[in-house]
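**Q** Dropping in upload.cif, with mmCIF, C-alpha atoms and all ligand atoms.
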data_start
#
loop_
_atom_site.label_atom_id
_atom_site.label_comp_id
_atom_site.auth_asym_id
_atom_site.auth_seq_id
_atom_site.Cartn_x
_atom_site.Cartn_y
_atom_site.Cartn_z
CA MET A 1211 -119.20 -74.34 74.93
CA GLY A 1212 -122.64 -74.87 73.51
CA LEU A 1213 -125.83 -73.24 74.64
CA THR A 1214 -129.24 -74.75 74.20
CA ARG A 1215 -132.50 -72.98 73.53
CA GLU A 1216 -133.47 -73.62 77.12
CA GLY A 1217 -130.30 -71.87 78.23
CA GLU A 1218 -131.18 -68.85 76.12
CA GLU A 1219 -134.56 -68.55 77.77
CA THR A 1220 -132.86 -68.64 81.11
CA ILE A 1221 -130.47 -65.91 80.10
CA CYS A 1222 -133.24 -63.67 78.81
CA ARG A 1223 -134.86 -63.66 82.22
CA GLU A 1224 -131.65 -62.81 84.01
CA GLU A 1225 -130.86 -59.15 84.34
CA SER A 1226 -127.52 -58.28 85.79
CA ARG A 1227 -124.57 -59.34 87.90
CA GLY A 1228 -125.02 -60.77 91.35
CA PHE A 1229 -127.52 -63.29 90.07
CA CYS A 1230 -126.74 -65.73 92.84
CA SER A 1231 -127.50 -63.34 95.62
CA GLY A 1232 -130.46 -61.44 96.94
CA ASP A 1233 -133.05 -60.74 94.30
CA ARG A 1234 -130.56 -60.76 91.42
CA GLN A 1235 -130.68 -64.44 90.62
CA SER A 1236 -130.41 -66.34 87.40
CA GLY A 1237 -133.73 -67.04 85.76
CA LEU A 1238 -133.66 -70.72 86.53
CA LEU A 1239 -133.42 -70.15 90.22
CA VAL A 1240 -135.70 -67.18 90.73
CA GLY A 1241 -137.82 -67.68 93.82
CA GLU A 1242 -135.58 -70.34 95.30
CA ALA A 1243 -132.96 -70.03 98.00
CA PRO A 1244 -130.06 -69.98 95.58
CA SER A 1245 -126.97 -71.26 97.23
CA ARG A 1246 -128.40 -74.18 99.21
CA ARG A 1247 -130.54 -75.13 96.27
CA ASN A 1248 -127.50 -75.11 94.03
CA GLU A 1249 -125.62 -77.43 96.31
CA GLU A 1250 -128.54 -79.84 96.29
CA ARG A 1251 -128.72 -79.73 92.53
CA THR A 1252 -125.00 -80.27 92.21
CA GLU A 1253 -125.09 -83.34 94.42
CA HIS A 1254 -128.16 -84.71 92.76
CA ARG A 1255 -127.10 -84.13 89.20
CA PHE A 1256 -123.48 -85.03 89.31
CA GLY A 1257 -123.04 -86.96 92.56
CA ASP A 1258 -120.43 -89.70 92.40
CA LEU A 1259 -120.33 -89.64 88.63
CA VAL A 1260 -117.82 -86.83 88.54
CA HIS A 1261 -114.97 -89.11 89.42
CA CYS A 1262 -115.60 -91.66 86.69
CA TRP A 1263 -117.22 -89.49 84.01
CA PRO A 1264 -115.78 -85.99 83.67
CA ILE A 1265 -118.54 -83.66 82.57
CA LYS A 1266 -118.01 -81.08 79.85
CA MET A 1267 -119.50 -77.99 81.43
CA ASP A 1268 -121.55 -75.78 79.20
CA LEU A 1269 -123.03 -72.40 79.94
CA LYS A 1270 -126.47 -73.82 80.66
CA GLN A 1271 -125.03 -76.11 83.32
CA LEU A 1272 -123.01 -73.27 84.77
CA ILE A 1273 -126.17 -71.17 85.04
CA GLU A 1274 -127.98 -74.00 86.78
CA LEU A 1275 -125.18 -74.55 89.25
CA CYS A 1276 -124.77 -70.81 89.84
CA PRO A 1277 -121.55 -71.13 91.85
CA GLU A 1278 -120.67 -68.48 94.40
CA PHE A 1279 -116.98 -67.72 94.20
CA HIS A 1280 -116.95 -64.40 96.05
CA GLN A 1281 -117.66 -63.35 99.64
CA ASP A 1282 -119.86 -60.62 101.04
CA ALA A 1283 -118.87 -58.30 103.89
CA GLN A 1284 -119.81 -60.99 106.43
CA GLY A 1285 -117.66 -63.57 104.69
CA ASP A 1286 -120.64 -65.49 103.32
CA PRO A 1287 -120.44 -66.94 99.80
CA ILE A 1288 -121.92 -64.77 97.09
CA SER A 1289 -121.44 -64.28 93.38
CA TRP A 1290 -120.49 -60.93 91.93
CA GLY A 1291 -120.35 -62.73 88.62
CA ILE A 1292 -120.73 -61.03 85.29
CA ALA A 1293 -124.22 -61.29 83.78
CA TRP A 1294 -125.09 -64.52 82.01
CA ASP A 1295 -126.06 -62.75 78.78
CA VAL A 1296 -122.57 -61.22 78.77
CA LEU A 1297 -121.04 -64.68 79.08
CA ARG A 1298 -123.30 -65.94 76.33
CA PHE A 1299 -122.12 -63.12 74.05
CA LEU A 1300 -118.52 -63.70 75.04
CA GLU A 1301 -118.52 -67.44 74.50
CA ASN A 1302 -119.11 -67.00 70.77
CA ARG A 1303 -115.68 -65.37 70.55
CA LEU A 1304 -113.89 -68.05 72.54
CA ALA A 1305 -112.33 -71.17 71.09
CA LYS A 1306 -109.89 -73.82 72.19
CA GLY A 1307 -106.48 -72.17 72.33
CA SER A 1308 -107.76 -68.58 72.39
CA LYS A 1309 -105.32 -66.39 74.33
CA THR A 1310 -107.29 -64.55 76.99
CA LEU A 1311 -106.77 -62.40 80.07
CA GLU A 1312 -109.11 -61.18 82.76
CA THR A 1313 -108.72 -59.05 85.83
CA GLY A 1314 -110.86 -60.42 88.64
CA ALA A 1315 -112.10 -64.00 88.74
CA GLY A 1316 -115.35 -65.94 89.03
CA VAL A 1317 -117.86 -67.53 86.69
CA SER A 1318 -116.17 -65.78 83.79
CA THR A 1319 -113.00 -67.71 84.65
CA VAL A 1320 -114.96 -70.96 84.43
CA LEU A 1321 -116.24 -69.96 80.98
CA PHE A 1322 -112.71 -69.22 79.74
CA ALA A 1323 -111.44 -72.49 81.19
CA ALA A 1324 -114.28 -74.63 79.87
CA SER A 1325 -113.87 -73.04 76.44
CA GLY A 1326 -110.29 -74.33 76.33
CA CYS A 1327 -108.70 -70.88 76.37
CA SER A 1328 -105.09 -70.32 77.28
CA HIS A 1329 -106.18 -68.03 80.05
CA ILE A 1330 -104.76 -65.78 82.77
CA SER A 1331 -106.99 -64.56 85.58
CA ILE A 1332 -105.70 -62.18 88.23
CA THR A 1333 -107.31 -61.76 91.63
CA PRO A 1334 -105.78 -60.98 95.03
CA VAL A 1335 -108.24 -63.28 96.82
CA ALA A 1336 -106.81 -66.74 97.50
CA ARG A 1337 -110.19 -68.16 98.47
CA GLU A 1338 -111.62 -67.32 95.04
CA ILE A 1339 -108.78 -69.15 93.36
CA ALA A 1340 -109.25 -72.18 95.59
CA THR A 1341 -113.02 -72.37 95.08
CA ILE A 1342 -112.77 -71.89 91.32
CA ARG A 1343 -110.16 -74.64 91.12
CA GLU A 1344 -112.25 -76.92 93.30
CA PHE A 1345 -115.37 -76.26 91.22
CA CYS A 1346 -113.58 -76.94 87.95
CA GLU A 1347 -111.99 -80.10 89.30
CA ARG A 1348 -115.37 -81.32 90.58
CA HIS A 1349 -116.96 -80.75 87.18
CA GLY A 1350 -114.21 -82.11 84.99
CA ILE A 1351 -113.06 -78.77 83.59
CA ASP A 1352 -109.44 -78.88 82.51
CA MET A 1353 -107.51 -76.08 84.20
CA SER A 1354 -104.07 -77.03 82.86
CA HIS A 1355 -104.19 -74.12 80.39
CA VAL A 1356 -105.39 -71.61 83.01
CA GLN A 1357 -103.18 -69.49 85.26
CA LEU A 1358 -104.83 -68.02 88.35
CA LEU A 1359 -102.54 -65.36 89.75
CA GLU A 1360 -103.05 -64.33 93.35
CA GLN A 1361 -102.13 -60.67 93.01
CA ARG A 1362 -103.58 -57.23 92.50
CA SER A 1363 -103.75 -56.80 88.76
CA GLU A 1364 -102.34 -53.24 88.85
CA TYR A 1365 -99.10 -54.69 90.18
CA ALA A 1366 -99.14 -58.02 88.35
CA LEU A 1367 -99.76 -56.76 84.83
CA PRO A 1368 -96.62 -54.65 84.36
CA ALA A 1369 -94.49 -57.70 85.13
CA LEU A 1370 -96.29 -60.10 82.79
CA ASP A 1371 -95.05 -60.85 79.30
CA LEU A 1372 -98.32 -60.68 77.38
CA ASP A 1373 -99.00 -60.34 73.68
CA ASP A 1374 -101.32 -61.41 70.90
CA LEU A 1375 -104.33 -61.76 73.20
CA ASP A 1376 -107.71 -62.55 71.63
CA VAL A 1377 -109.82 -61.27 74.51
CA VAL A 1378 -109.21 -59.06 77.54
CA LEU A 1379 -111.91 -58.78 80.21
CA ILE A 1380 -111.58 -55.89 82.66
CA ASP A 1381 -113.56 -56.84 85.77
CA GLY A 1382 -111.22 -56.59 88.75
CA ARG A 1383 -111.04 -53.64 91.15
CA HIS A 1384 -113.38 -50.94 89.93
CA ALA A 1385 -111.98 -48.06 91.96
CA PHE A 1386 -109.89 -45.33 90.35
CA PRO A 1387 -107.32 -45.89 88.86
CA SER A 1388 -107.25 -49.71 88.65
CA PRO A 1389 -109.52 -50.21 85.60
CA PHE A 1390 -107.37 -47.73 83.68
CA VAL A 1391 -104.17 -49.54 84.62
CA ASP A 1392 -105.77 -52.87 83.66
CA TRP A 1393 -106.97 -51.33 80.40
CA PHE A 1394 -103.55 -49.84 79.58
CA TYR A 1395 -101.72 -53.18 79.83
CA GLY A 1396 -104.63 -55.18 78.44
CA ALA A 1397 -104.98 -52.93 75.38
CA ASP A 1398 -101.27 -53.14 74.73
CA ALA A 1399 -101.29 -56.93 74.79
CA LEU A 1400 -104.44 -57.33 72.73
CA LYS A 1401 -103.89 -58.33 69.11
CA MET A 1402 -105.39 -56.38 66.25
CA GLY A 1403 -108.95 -57.66 65.92
CA GLY A 1404 -109.00 -58.76 69.54
CA TRP A 1405 -111.84 -57.92 71.92
CA MET A 1406 -111.60 -55.52 74.82
CA VAL A 1407 -114.44 -56.21 77.25
CA VAL A 1408 -115.08 -53.73 80.07
CA ASP A 1409 -117.61 -54.58 82.73
CA ASP A 1410 -119.56 -52.23 84.98
CA THR A 1411 -119.85 -49.32 82.58
CA HIS A 1412 -122.49 -47.85 84.89
CA LEU A 1413 -119.62 -46.93 87.25
CA LEU A 1414 -117.69 -43.82 86.30
CA THR A 1415 -114.42 -45.68 85.76
CA GLY A 1416 -116.14 -48.02 83.30
CA THR A 1417 -118.10 -45.17 81.72
CA ILE A 1418 -114.91 -43.26 80.95
CA LEU A 1419 -113.27 -46.31 79.38
CA ARG A 1420 -116.32 -47.00 77.28
CA ASP A 1421 -116.70 -43.40 76.13
CA PHE A 1422 -113.00 -43.04 75.43
CA MET A 1423 -112.92 -46.09 73.14
CA ASN A 1424 -116.24 -45.21 71.56
CA GLU A 1425 -114.90 -41.84 70.41
CA ASP A 1426 -111.49 -43.21 69.39
CA HIS A 1427 -112.65 -44.46 66.00
CA ASN A 1428 -109.15 -44.92 64.64
CA ASN A 1429 -108.31 -47.50 67.26
CA TRP A 1430 -111.52 -49.09 68.50
CA ARG A 1431 -114.84 -50.26 67.10
CA LEU A 1432 -117.85 -50.73 69.35
CA ILE A 1433 -119.17 -54.26 68.88
CA ALA A 1434 -121.95 -54.25 71.43
CA ASP A 1435 -123.15 -53.10 74.79
CA VAL A 1436 -124.65 -55.99 76.70
CA GLY A 1437 -126.23 -54.56 79.81
CA ASN A 1438 -123.45 -52.86 81.75
CA THR A 1439 -120.70 -54.55 79.77
CA THR A 1440 -119.15 -53.13 76.64
CA PHE A 1441 -117.35 -55.01 73.86
CA PHE A 1442 -114.83 -53.29 71.57
CA GLU A 1443 -112.65 -54.58 68.74
CA LYS A 1444 -109.09 -53.31 68.58
CA LEU A 1445 -108.48 -51.97 65.07
CA VAL A 1446 -104.73 -51.42 65.10
CA ALA A 1447 -101.63 -53.22 66.33
CA THR A 1448 -100.61 -50.51 68.80
CA VAL A 1449 -102.97 -48.12 70.54
CA HIS A 1450 -100.80 -46.20 72.99
CA LEU A 1451 -99.27 -43.83 70.47
CA GLY A 1452 -99.61 -40.14 69.83
CA GLU A 1453 -100.50 -37.21 72.05
CA TRP A 1454 -103.73 -36.02 73.61
CA THR A 1455 -104.26 -33.90 70.52
CA GLU A 1456 -105.08 -37.12 68.68
CA GLN A 1457 -107.57 -38.31 71.25
CA PRO A 1458 -111.16 -37.30 70.40
CA TYR A 1459 -112.28 -37.98 73.98
CA ILE A 1460 -109.94 -35.24 75.22
CA LEU A 1461 -110.49 -32.87 72.30
CA ASN A 1462 -114.26 -33.14 72.58
CA ARG A 1463 -114.08 -31.96 76.16
CA MET A 1464 -111.87 -28.91 75.77
CA PRO A 1465 -113.26 -25.97 77.73
C1 LIG A 1501 -116.95 -58.28 90.07
S1 LIG A 1501 -115.90 -59.53 90.60
C2 LIG A 1501 -115.41 -60.36 89.14
C3 LIG A 1501 -116.47 -61.17 88.59
C4 LIG A 1501 -116.01 -62.17 87.58
N1 LIG A 1501 -115.69 -61.56 86.32
C5 LIG A 1501 -117.13 -63.17 87.42
O1 LIG A 1501 -117.72 -63.26 86.36
O2 LIG A 1501 -117.46 -63.82 88.42
C6 LIG A 1501 -114.46 -58.56 90.94
C7 LIG A 1501 -113.22 -59.36 91.09
O3 LIG A 1501 -112.11 -58.50 91.20
C8 LIG A 1501 -111.26 -59.00 92.18
N2 LIG A 1501 -110.38 -57.91 92.60
C9 LIG A 1501 -110.51 -57.02 93.62
N3 LIG A 1501 -109.46 -56.19 93.65
C10 LIG A 1501 -108.65 -56.56 92.63
C11 LIG A 1501 -107.40 -56.10 92.15
N4 LIG A 1501 -106.78 -55.07 92.72
N5 LIG A 1501 -106.85 -56.75 91.08
C12 LIG A 1501 -107.49 -57.79 90.51
N6 LIG A 1501 -108.67 -58.26 90.92
C13 LIG A 1501 -109.24 -57.65 91.96
C14 LIG A 1501 -112.20 -59.54 93.21
O4 LIG A 1501 -111.54 -60.38 94.10
C15 LIG A 1501 -113.19 -60.25 92.29
O5 LIG A 1501 -112.68 -61.49 91.88
#
For the file at hand, write its structure as structure tokens.
**A**
Amino acid sequence: MGLTREGEETICREESRGFCSGDRQSGLLVGEAPSRRNEERTEHRFGDLVHCWPIKMDLKQLIELCPEFHQDAQGDPISWGIAWDVLRFLENRLAKGSKTLETGAGVSTVLFAASGCSHISITPVAREIATIREFCERHGIDMSHVQLLEQRSEYALPALDLDDLDVVLIDGRHAFPSPFVDWFYGADALKMGGWMVVDDTHLLTGTILRDFMNEDHNNWRLIADVGNTTFFEKLVATVHLGEWTEQPYILNRMP
């Protein structure tokens, strides 16, 4: 997926997740009623063409369309999507055929799909799966290499046969202990040199994961923090070895 200069400017003005809702909108749409406006833009820009001319979605177009794959407490469409600058950083690592996994689903799923990744996304919400599929179909994004599993990731992951992953994105349920369960299985399946991406590091569950990896220099290397999302490279083939006595995060906090 390419990104134009114009897209970069847009991303720089966008701050955090939830850019399609309330006052946390993508830069392009600031000051406009986002969801209705997006629908108008979609119709206007792509209209009937989608059926005869499949469009290769890029990140700039995704930002402009700003799809809302989630629902708020009232059941209204909303996006709890990961920040655009995170997606921009992530897309540099993605290539056709990359093996990728995410917990949760949304605009990040569209990025993985449009990048040609062999991707697994796990969410328990059927409506999200349906709207993501519909969006991708409407915009000519091939989903044949994407599996959308309608399950809670804590229960799905132990049963999946995963290995050699290039990227794992942890952005499903953020309550204790789900991110740790996701991380355990994701870290195991990640190949050496692969990227572990943990979103929402401002929440304690994400903070602990970030701090743990950041102190575990034998196994992880911090690549970048992009807003509330952290990117680590896995340095070894297997991380879940050894006892707590070999874990700096634990040792550094001994009373
Ligand atoms: C913050 S949103 C994900 C945003 C997504 N990465 C994006 O860019 O749009 C959280 C996601 O986790 C999903 N979720 C909630 N509980 C879950 C669970 N137990 N396992 C997996 N996903 C879960 C939600 O349905 C939602 O898709």
**Q** Give the answer as one residue: which of A:Phe1394, A:Glu1456, A:Ser1354, A:Arg1303 has the shortest atom-to-atom distance to Ile1433 (chain A), using all atoms listed in the file?
**A**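 Among the listed residues, the smallest separation from Ile1433 (chain A) belongs to A:Arg1303.
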**Q** Could I get the residues of chain A with an atom no further than 10 Å from an atom of ligand LIG 1501 (chain A), each paired with its nearest atom pair and that distance in Å to one decimal, using only C-alpha atoms and all ligand atoms, sorted by chain and residue number, as CSV?
**A**
residue,atom,partner,partner_atom,distance
A:Arg1227,CA,A:LIG1501,C1,8.0
A:Gly1228,CA,A:LIG1501,C1,8.5
A:Pro1277,CA,A:LIG1501,O2,9.1
A:Glu1278,CA,A:LIG1501,O2,8.2
A:Phe1279,CA,A:LIG1501,O2,7.0
A:His1280,CA,A:LIG1501,O5,6.6
A:Gln1281,CA,A:LIG1501,O4,8.8
A:Ile1288,CA,A:LIG1501,O2,9.8
A:Ser1289,CA,A:LIG1501,O2,6.4
A:Trp1290,CA,A:LIG1501,C1,4.8
A:Gly1291,CA,A:LIG1501,O2,3.1
A:Ile1292,CA,A:LIG1501,O1,3.9
A:Ala1293,CA,A:LIG1501,O1,7.3
A:Trp1294,CA,A:LIG1501,O1,8.7
A:Val1296,CA,A:LIG1501,O1,9.2
A:Leu1297,CA,A:LIG1501,O1,8.1
A:Glu1312,CA,A:LIG1501,N1,7.5
A:Thr1313,CA,A:LIG1501,C12,5.0
A:Gly1314,CA,A:LIG1501,O3,3.4
A:Ala1315,CA,A:LIG1501,O5,4.1
A:Gly1316,CA,A:LIG1501,O2,3.1
A:Val1317,CA,A:LIG1501,O2,4.1
A:Ser1318,CA,A:LIG1501,O1,3.9
A:Thr1319,CA,A:LIG1501,O1,6.7
A:Val1320,CA,A:LIG1501,O1,8.4
A:Leu1321,CA,A:LIG1501,O1,8.7
A:Ser1331,CA,A:LIG1501,C12,8.4
A:Ile1332,CA,A:LIG1501,C12,5.3
A:Thr1333,CA,A:LIG1501,N6,3.8
A:Pro1334,CA,A:LIG1501,C13,5.7
A:Val1335,CA,A:LIG1501,O4,5.2
A:Ala1336,CA,A:LIG1501,O4,8.6
A:Arg1337,CA,A:LIG1501,O4,9.0
A:Glu1338,CA,A:LIG1501,O5,6.7
A:Ile1339,CA,A:LIG1501,O5,8.7
A:Ile1342,CA,A:LIG1501,O2,9.8
A:Leu1359,CA,A:LIG1501,C12,9.1
A:Glu1360,CA,A:LIG1501,C12,8.4
A:Gln1361,CA,A:LIG1501,N5,6.4
A:Arg1362,CA,A:LIG1501,N5,3.6
A:Ser1363,CA,A:LIG1501,N5,3.9
A:Glu1364,CA,A:LIG1501,N5,6.1
A:Tyr1365,CA,A:LIG1501,N5,8.1
A:Ala1366,CA,A:LIG1501,N5,8.3
A:Leu1367,CA,A:LIG1501,N5,9.5
A:Leu1379,CA,A:LIG1501,N1,7.7
A:Ile1380,CA,A:LIG1501,N1,7.9
A:Asp1381,CA,A:LIG1501,N1,5.2
A:Gly1382,CA,A:LIG1501,O3,3.2
A:Arg1383,CA,A:LIG1501,N3,3.9
A:His1384,CA,A:LIG1501,N3,7.5
A:Ala1385,CA,A:LIG1501,N3,8.7
A:Pro1387,CA,A:LIG1501,N4,10.0
A:Ser1388,CA,A:LIG1501,N4,6.7
A:Pro1389,CA,A:LIG1501,N5,8.9
A:Asp1392,CA,A:LIG1501,N5,8.4
A:Asp1409,CA,A:LIG1501,N1,8.1
A:Asp1410,CA,A:LIG1501,C1,8.3
**Q** At what distance in Å, to one decimal, does CA of Val1408 (chain A) lie from CA of Pro1465 (chain A)?
**A**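 CA of Val1408 (chain A) lies 27.9 Å from CA of Pro1465 (chain A).
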**Q** Quote the spacing between CA of Leu1451 (chain A) and CA of Asp1426 (chain A) in Å to one decimal place.
**A**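 A separation of 12.3 Å between them.
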**Q** Could you tell me how far CA of Met1406 (chain A) lies from CA of Pro1458 (chain A), in Å and to one decimal?
**A**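 Straight-line distance from CA of Met1406 (chain A) to CA of Pro1458 (chain A) works out to 18.8 Å.
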**Q** Given all atoms listed in the file as the basis, pick out the residue of A:Val1407, A:Leu1461, A:Leu1413, A:Leu1275 nearest to Asp1435 (chain A).
**A**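 That would be A:Val1407, the residue with the smallest distance to Asp1435 (chain A).
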**Q** Would you list the residues near (-101.3, -49.0, 77.7) (no more than 9 Å away, in the coordinates of the file, using only C-alpha atoms) as a list in words?
**A**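 I get Phe1390, Val1391, Asp1392, Trp1393, Phe1394, Tyr1395, Gly1396, Ala1397, Asp1398, Ala1399, Val1449 and His1450 of chain A for the residues within 9 Å of that point.
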**Q** For Cys1346 (chain A), please output as a list in words all residues within 9 Å (counting all atoms listed in the file; exclusion window: fewer than 6 positions along the same chain).
**A** Met1267, Val1320, Ala1323, Ala1324, Asp1352 and Met1353 of chain A
